[in-house]
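Have a look at the structure below before the remarks.
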Amino acid sequence: MKQSEKKSEIKARSKLPSGRHGLPRDVVVRSQRERMVEAMIRVVAEQGFAETTVADIISTAGVSRATFYEQFADKEDCFVAAYATVMDRMLAFVAEGFASDDSGDWIGRLRGGIRSLLRYLAQNPVAVRVGIVEGFGAGARARDRYQQAVSAFFPFLDAGRELIDNPERVPGEASRVIVGGISALIFNEASAGNSKLLPELLPEMIYLAVVPYMGHQTALEAMMATGVSE
Amino acid sequence: MSDGVTTADQAGTTDVSGVPLPSGRHNLPREFVVTSQRDRLLDAMAQSCAEKRYADVSVADIVAQARVSRSTFYEIFPDKEACFLAAYDAILGRFVTEVIKACSDPALTWPEQIELGIEAALDFLAAEPAFARMCIVDMFSAGPSALERYLSAVRLIANFVDGGRTRMPDREEVPRSIATMSVSGAAVVIRAEIVGERTLHLPEVGPDILFSLLVPYMDREEALGRSERYAERRALRSGQ
């Protein structure tokens with residue numbers, strides 16, 4: 001009952017007028033694709049990827065089965081598109097966070113970026129479920145998309161190399177350990193239903209991100225200087 | 001041939017159909033047969049996961065690979081997931097034993113234990129590529145029980161790494177979650193190598209992982225030096 005209300009609400013909001021509407025074909029196709037992707041995001045957020053069927057997607061999006069298979073090979077194909085949409089929104093938000101501190105201070109920018117990520121996730125349960133919790137188990141292509149999204153963070157971290165002597169001595173995988181560790185902690189907390197508390201983990205994440213480049217003392221000071229709220 | 005003999009033969013054939021045990025009356029205790037069938041099923045599960053992703057592996061694939069009948073499979077395991085979990089537990093047990101054996105000598109310092117533990121772990125995974133894939137890649141799509149096993153293995157290793165807070169001087173202020181994050185991050189590095197089909201080269205990322213695990217608990221220069229010496233030691237070993 002509740003879910004069907006939600007579905008018709010999505011339909012009512014985004015469906016084009018049916019019948020002859022004189023809209024160009026590419027506009028119709030794009031609108032259908034967007035509706036199916038949004039439907040996938042909603043349905044997976046609600047019931048998980050494993051339980052989601054193509055029938056759920058087409059009824060939520062208000063398109064025919066034939067239309068679905070014109071644009072997607074299968075359920076996973078549509079999920080990858082949905083996943084990419086969620087990750088792009090999240091990354092755009094985080095990139096703004098990294099840019100928000102214009103003092104030129106590397107630690108300040110890291111703080112801004114990771115804080116934006118944690119706040120975004122705390123406020124967007126749909127992004128948490130689709131992008132973090134479900135993304136891991138949904139197959140190789142979603143995983144590749146995840147790797148790609150995660151790599152977007154490496155340059156922000158490796159900017160720390162420019163501030164130290166002998167940057168080449170910092171092992172190449174150091175940034176992957178940081179990003180992987182932060183995302184694993186987010187995954188653990190989100191899976192346990194604690195995504196609202198994610199912003200409280202910021203100080204520890206700052207320590208983890210700073211320590212390979214600057215060492216324990218600087219990382220500890222950066223952690224202590226990191227406020228959770230503001 | 002009487003009907004009675006035919007029935008007994010058929011029953012025997014069904015039990016061990018196509019397995020490399022002598023067919024017919026072989027006087028092996030049934031428990032032994034089941035154990036070896038079970039081991040073959042566990043091995044077949046791991047092999048199948050190495051060839052395709054867990055979601056696409058069917059009971060039919062497993063029984064074909066193990067050369068065991070479908071009914072035998074269901075006598076031993078209720079479903080595919082139970083077989084996966086049993087295989088996971090079997091290999092994780094061996095993995096943990098190997099790693100502990102390599103690093104638990106009380107004469108070693110904490111950083112030495114971490115280094116030898118990493119080396120043993122990576123050598124093990126490189127030698128068992130099918131299991132490596134199953135334990136570090138496939139468990140994300142094999143249901144909550146598999147994921148829980150993976151996470152408890154991470155917790156076990158993280159607890160050991162967190163020992164750096166007390167075993168190294170002046171590091172009580174390092175948060176406990178640092179070890180959880182750096183061990184999980186090391187697993188992400190390992191996963192990327194496996195997915196990129198570089199499982200055999202896993203030991204090469206050892207020095208990088210060592211640095212990341214040590215650096216919160218000791219002077220940064222010293223952590224860099226240990227990582228570099230580990231890389232030199234490896235290069236010498238593989239050069240010979």
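To be explicit about the labels: the chains of the structure tokens are called A, B, and onward in the order shown, and within each one the residues are counted from 1, while ligands get numbers from 1 in the order they are shown.
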
List as a Markdown table every residue of chain A that is in contact with chain B, defined as an atom at most 9 Å from one of its atoms (using only C-alpha atoms), together with the nearest atom pair and the distance in Å rounded to one decimal, sorted by chain and then rising number.
```
| residue | atom | partner | partner_atom | distance |
| --- | --- | --- | --- | --- |
| A:Phe136 | CA | B:Phe140 | CA | 6.0 |
| A:Gly137 | CA | B:Ser141 | CA | 4.1 |
| A:Ala138 | CA | B:Ser141 | CA | 6.7 |
| A:Gly139 | CA | B:Ser141 | CA | 7.3 |
| A:Ala140 | CA | B:Arg53 | CA | 8.1 |
| A:Gln147 | CA | B:Ala192 | CA | 8.4 |
| A:Arg169 | CA | B:Leu224 | CA | 7.1 |
| A:Val170 | CA | B:Leu224 | CA | 7.3 |
| A:Pro171 | CA | B:Asp208 | CA | 5.2 |
| A:Gly172 | CA | B:Asp208 | CA | 7.0 |
| A:Glu173 | CA | B:Asp208 | CA | 5.9 |
| A:Ala174 | CA | B:Ser212 | CA | 6.2 |
| A:Arg176 | CA | B:Val189 | CA | 6.5 |
| A:Val177 | CA | B:Gly185 | CA | 4.0 |
| A:Ile178 | CA | B:Gly185 | CA | 6.1 |
| A:Val179 | CA | B:Gly185 | CA | 7.0 |
| A:Gly180 | CA | B:Gly185 | CA | 4.2 |
| A:Gly181 | CA | B:Gly185 | CA | 3.9 |
| A:Ile182 | CA | B:Met181 | CA | 6.2 |
| A:Ser183 | CA | B:Gly185 | CA | 8.3 |
| A:Ala184 | CA | B:Ser184 | CA | 6.1 |
| A:Leu185 | CA | B:Met181 | CA | 6.3 |
| A:Asn188 | CA | B:Leu151 | CA | 8.8 |
| A:Glu204 | CA | B:Pro175 | CA | 6.6 |
| A:Met205 | CA | B:Ile178 | CA | 7.9 |
| A:Tyr207 | CA | B:Ile178 | CA | 8.0 |
| A:Leu208 | CA | B:Ile178 | CA | 6.3 |
| A:Val211 | CA | B:Pro216 | CA | 6.3 |
| A:Pro212 | CA | B:Val215 | CA | 6.3 |
| A:Tyr213 | CA | B:Arg220 | CA | 8.4 |
| A:Met214 | CA | B:Arg220 | CA | 7.8 |
| A:Gly215 | CA | B:Arg220 | CA | 5.2 |
| A:His216 | CA | B:Pro216 | CA | 5.8 |
| A:Ala219 | CA | B:Pro216 | CA | 8.8 |
| A:Leu220 | CA | B:Val174 | CA | 7.7 |
```

### Message
Among region 23-188 of chain B, which ones does DSSP assign to alpha helix (DSSP H) (computed from the backbone)? Answer as a ChimeraX atom specification.
### Response
/B:30-51,59-66,70-76,80-103,110-127,129-136,144-162,164-167,177-188

### Message
One decimal, in Å: what's the spacing between CA of Asp61 (chain B) and CA of Glu81 (chain B)?
### Response
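Taking CA of Asp61 (chain B) as the start and CA of Glu81 (chain B) as the end point, the length is 13.8 Å.
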
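Atom pair CA of Gln148 (chain A) / CA of Ala82 (chain A) has a distance of 14.9 Å (rounded to one decimal).
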
### Query
For the atom pair CA of Arg226 (chain B) and CA of Pro169 (chain B), what is the interatomic distance in Å to one decimal place?
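Separation between CA of Arg226 (chain B) and CA of Pro169 (chain B): 17.2 Å.
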
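Closest to Lys75 (chain A) among A:Val28, A:Phe93, A:Ala142, A:Lys196 is A:Ala142, based on only C-alpha atoms.
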